[in-house]
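Peer 1: Structure provided below as structure tokens; questions to follow.
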Amino acid sequence: MIVASLRWRTVSDACLFCSIVAGDLPASVVAGDDAAIAFLDINPLTTGHTLVVPRRHVTDLLDADGAVAEVSPLLESTGRLLVDRLGADGINVFQASRAPAGQTVFHLHFHLLPRWSGDGMLNVHSIRTQVREDRDTTFARLTG
Ligand SMILES: [Zn+2]
């Protein structure tokens, strides 16, 4: 038990988002509840670009241990906040797990990107595909 406690302390001390949750680093926190906080991204991609992170340290979606469900209420209410207060026409939710997917801070976080009609930003359906096998093969590998 002591080892687990020390390990947690080591992980959280080194984590940028744990430091923000603890109040040891400044952040523009726009919302929060018992399980998560939402704060403005320091390098916004769109006006109101917000990160929603669990208060407890988990590294990513593959290590979430239920944290995704815990942050869901704040994810939803922050999305509504961004639309209501900023007049956004829509929201993208983006989450990167592990470095090959683009994760740079290894504490689970969801990007909320307010979008406006005709803003010219990325549309997921316009991304060049990176499909490595046919759908039937993929289906068999996932369900076989
Ligand atoms: Zn952390």
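How things are named: the first chain in the structure tokens is A, the next is B, and so on; residues count from 1 in each chain; ligands count from 1 in the order shown.
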For range 53-67 of chain A, work out the shell of residues within 9 Å, counting only C-alpha atoms and skipping chain neighbours fewer than 5 positions away, then give it as a VMD selection string.
Peer 2: chain A and resid 8 11 to 12 15 17 to 18 21 to 22 34 to 39 72 75 95 to 98 103 105 to 110
Peer 1: Could you dump the residues just selected with N, CA and C atoms as an mmCIF file, in the first residue's frame?
Peer 2:
data_model
loop_
_atom_site.group_PDB
_atom_site.id
_atom_site.type_symbol
_atom_site.label_atom_id
_atom_site.label_comp_id
_atom_site.auth_asym_id
_atom_site.auth_seq_id
_atom_site.Cartn_x
_atom_site.Cartn_y
_atom_site.Cartn_z
ATOM 1 N N TRP A 8 1.942 6.844 -6.772
ATOM 2 C CA TRP A 8 0.952 7.846 -7.154
ATOM 3 C C TRP A 8 1.538 9.243 -6.994
ATOM 4 N N VAL A 11 3.968 10.049 -9.759
ATOM 5 C CA VAL A 11 3.288 10.325 -11.021
ATOM 6 C C VAL A 11 2.631 11.697 -10.987
ATOM 7 N N SER A 12 1.878 11.985 -9.917
ATOM 8 C CA SER A 12 1.141 13.240 -9.897
ATOM 9 C C SER A 12 2.076 14.443 -9.794
ATOM 10 N N CYS A 15 3.174 15.529 -13.241
ATOM 11 C CA CYS A 15 2.135 15.694 -14.257
ATOM 12 C C CYS A 15 1.618 17.143 -14.288
ATOM 13 N N PHE A 17 -1.106 18.374 -15.663
ATOM 14 C CA PHE A 17 -2.532 18.531 -15.372
ATOM 15 C C PHE A 17 -2.853 18.236 -13.912
ATOM 16 N N CYS A 18 -2.127 17.309 -13.282
ATOM 17 C CA CYS A 18 -2.313 17.106 -11.837
ATOM 18 C C CYS A 18 -1.936 18.378 -11.082
ATOM 19 N N VAL A 21 -4.855 20.707 -11.459
ATOM 20 C CA VAL A 21 -5.954 20.249 -10.593
ATOM 21 C C VAL A 21 -5.675 20.627 -9.146
ATOM 22 N N ALA A 22 -4.425 20.481 -8.732
ATOM 23 C CA ALA A 22 -4.048 20.770 -7.339
ATOM 24 C C ALA A 22 -3.979 22.266 -7.054
ATOM 25 N N ASP A 34 -16.941 17.486 -8.850
ATOM 26 C CA ASP A 34 -16.135 16.650 -7.963
ATOM 27 C C ASP A 34 -15.144 15.767 -8.713
ATOM 28 N N ALA A 35 -15.445 15.442 -9.969
ATOM 29 C CA ALA A 35 -14.639 14.474 -10.694
ATOM 30 C C ALA A 35 -13.696 15.074 -11.723
ATOM 31 N N ALA A 36 -13.964 16.311 -12.176
ATOM 32 C CA ALA A 36 -13.208 16.844 -13.314
ATOM 33 C C ALA A 36 -13.187 18.369 -13.290
ATOM 34 N N ILE A 37 -12.244 18.921 -14.045
ATOM 35 C CA ILE A 37 -12.235 20.367 -14.246
ATOM 36 C C ILE A 37 -12.123 20.645 -15.748
ATOM 37 N N ALA A 38 -12.566 21.848 -16.134
ATOM 38 C CA ALA A 38 -12.477 22.299 -17.522
ATOM 39 C C ALA A 38 -11.746 23.635 -17.527
ATOM 40 N N PHE A 39 -10.706 23.736 -18.354
ATOM 41 C CA PHE A 39 -9.945 24.980 -18.423
ATOM 42 C C PHE A 39 -9.544 25.274 -19.860
ATOM 43 N N SER A 72 -17.834 12.604 -17.971
ATOM 44 C CA SER A 72 -18.911 12.833 -18.946
ATOM 45 C C SER A 72 -19.859 13.973 -18.576
ATOM 46 N N LEU A 75 -18.093 17.162 -19.340
ATOM 47 C CA LEU A 75 -17.888 17.278 -20.785
ATOM 48 C C LEU A 75 -19.156 17.819 -21.450
ATOM 49 N N GLN A 95 -9.817 13.453 -28.540
ATOM 50 C CA GLN A 95 -9.058 12.832 -27.460
ATOM 51 C C GLN A 95 -7.931 12.025 -28.087
ATOM 52 N N ALA A 96 -6.707 12.212 -27.617
ATOM 53 C CA ALA A 96 -5.549 11.474 -28.120
ATOM 54 C C ALA A 96 -5.020 10.579 -27.006
ATOM 55 N N SER A 97 -4.871 9.308 -27.306
ATOM 56 C CA SER A 97 -4.297 8.365 -26.337
ATOM 57 C C SER A 97 -3.013 7.790 -26.907
ATOM 58 N N ARG A 98 -1.920 8.061 -26.212
ATOM 59 C CA ARG A 98 -0.561 7.604 -26.526
ATOM 60 C C ARG A 98 0.060 8.475 -27.640
ATOM 61 N N GLN A 103 -0.826 12.410 -28.412
ATOM 62 C CA GLN A 103 -0.893 12.818 -27.004
ATOM 63 C C GLN A 103 0.463 13.374 -26.569
ATOM 64 N N VAL A 105 0.511 15.438 -23.315
ATOM 65 C CA VAL A 105 0.402 15.471 -21.853
ATOM 66 C C VAL A 105 -0.287 14.173 -21.451
ATOM 67 N N PHE A 106 0.408 13.369 -20.648
ATOM 68 C CA PHE A 106 -0.055 12.007 -20.400
ATOM 69 C C PHE A 106 -0.924 11.916 -19.145
ATOM 70 N N HIS A 107 -1.968 12.733 -19.175
ATOM 71 C CA HIS A 107 -3.076 12.725 -18.213
ATOM 72 C C HIS A 107 -4.311 12.853 -19.091
ATOM 73 N N LEU A 108 -5.215 11.897 -18.999
ATOM 74 C CA LEU A 108 -6.394 11.859 -19.865
ATOM 75 C C LEU A 108 -7.028 13.241 -19.998
ATOM 76 N N HIS A 109 -7.275 13.673 -21.233
ATOM 77 C CA HIS A 109 -7.956 14.943 -21.443
ATOM 78 C C HIS A 109 -8.723 14.918 -22.755
ATOM 79 N N PHE A 110 -9.800 15.668 -22.740
ATOM 80 C CA PHE A 110 -10.662 15.806 -23.919
ATOM 81 C C PHE A 110 -10.603 17.247 -24.374
#
Peer 1: Could you name the residues that touch Leu74 in chain A at 8 Å or less, counting only C-alpha atoms, but leaving out those on the same chain fewer than 3 positions away, as an MDAnalysis selection string?
Peer 2: chainID A and resid 31:33 36:38 52 71 77:78
Peer 1: Ranking A:Asp84, A:Glu70, A:Glu76, A:Asp89 by minimum distance to Pro114 in chain A and counting only C-alpha atoms, which one comes first?
Peer 2: A:Asp89
Peer 1: Would you work out the distance separating CA of Trp116 in chain A from CA of Gly90 in chain A, expressed in Å to one decimal?
Peer 2: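 Between CA of Trp116 in chain A and CA of Gly90 in chain A the gap works out to 6.4 Å.
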Peer 1: Kindly assemble as a tab-separated table a list of the range 38-96 of chain A residues that lie within 10 Å of range 120-134 of chain A, each paired with its nearest atom pair and their distance in Å to one decimal, using only C-alpha atoms, sorted first by chain and then by ascending residue number.
Peer 2:
residue	atom	partner	partner_atom	distance
A:Leu45	CA	A:Met121	CA	9.3
A:Thr46	CA	A:Met121	CA	8.8
A:Asn92	CA	A:Asn123	CA	9.4
Peer 1: Put those residues in a file: N, CA and C atoms, as a PDB file, in the first residue's frame.
Peer 2:
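Everything below was put into selection.pdb:
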ATOM      1  N   LEU A  45      -6.870  26.276 -30.520  1.00  0.00           N
ATOM      2  CA  LEU A  45      -7.036  26.083 -31.959  1.00  0.00           C
ATOM      3  C   LEU A  45      -8.246  26.841 -32.474  1.00  0.00           C
ATOM      4  N   THR A  46      -9.244  27.029 -31.610  1.00  0.00           N
ATOM      5  CA  THR A  46     -10.397  27.862 -31.931  1.00  0.00           C
ATOM      6  C   THR A  46     -10.720  28.670 -30.677  1.00  0.00           C
ATOM      7  N   ASN A  92     -16.457  20.144 -31.647  1.00  0.00           N
ATOM      8  CA  ASN A  92     -15.719  18.907 -31.865  1.00  0.00           C
ATOM      9  C   ASN A  92     -15.163  18.457 -30.530  1.00  0.00           C
TER      10      ASN A  92
END
Peer 1: Would you mind telling me which residue in A:Val83, A:Val68, A:Leu16, A:Val93 lies nearest to ligand 1 when using only C-alpha atoms and all ligand atoms?
Peer 2: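 Using only C-alpha atoms and all ligand atoms, ligand 1 sits closest to A:Leu16.
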Peer 1: In range 56-114 of chain A, what's strand (DSSP E) per DSSP? Answer as a PyMOL selection string?
Peer 2: chain A and resi 90-94+110-114
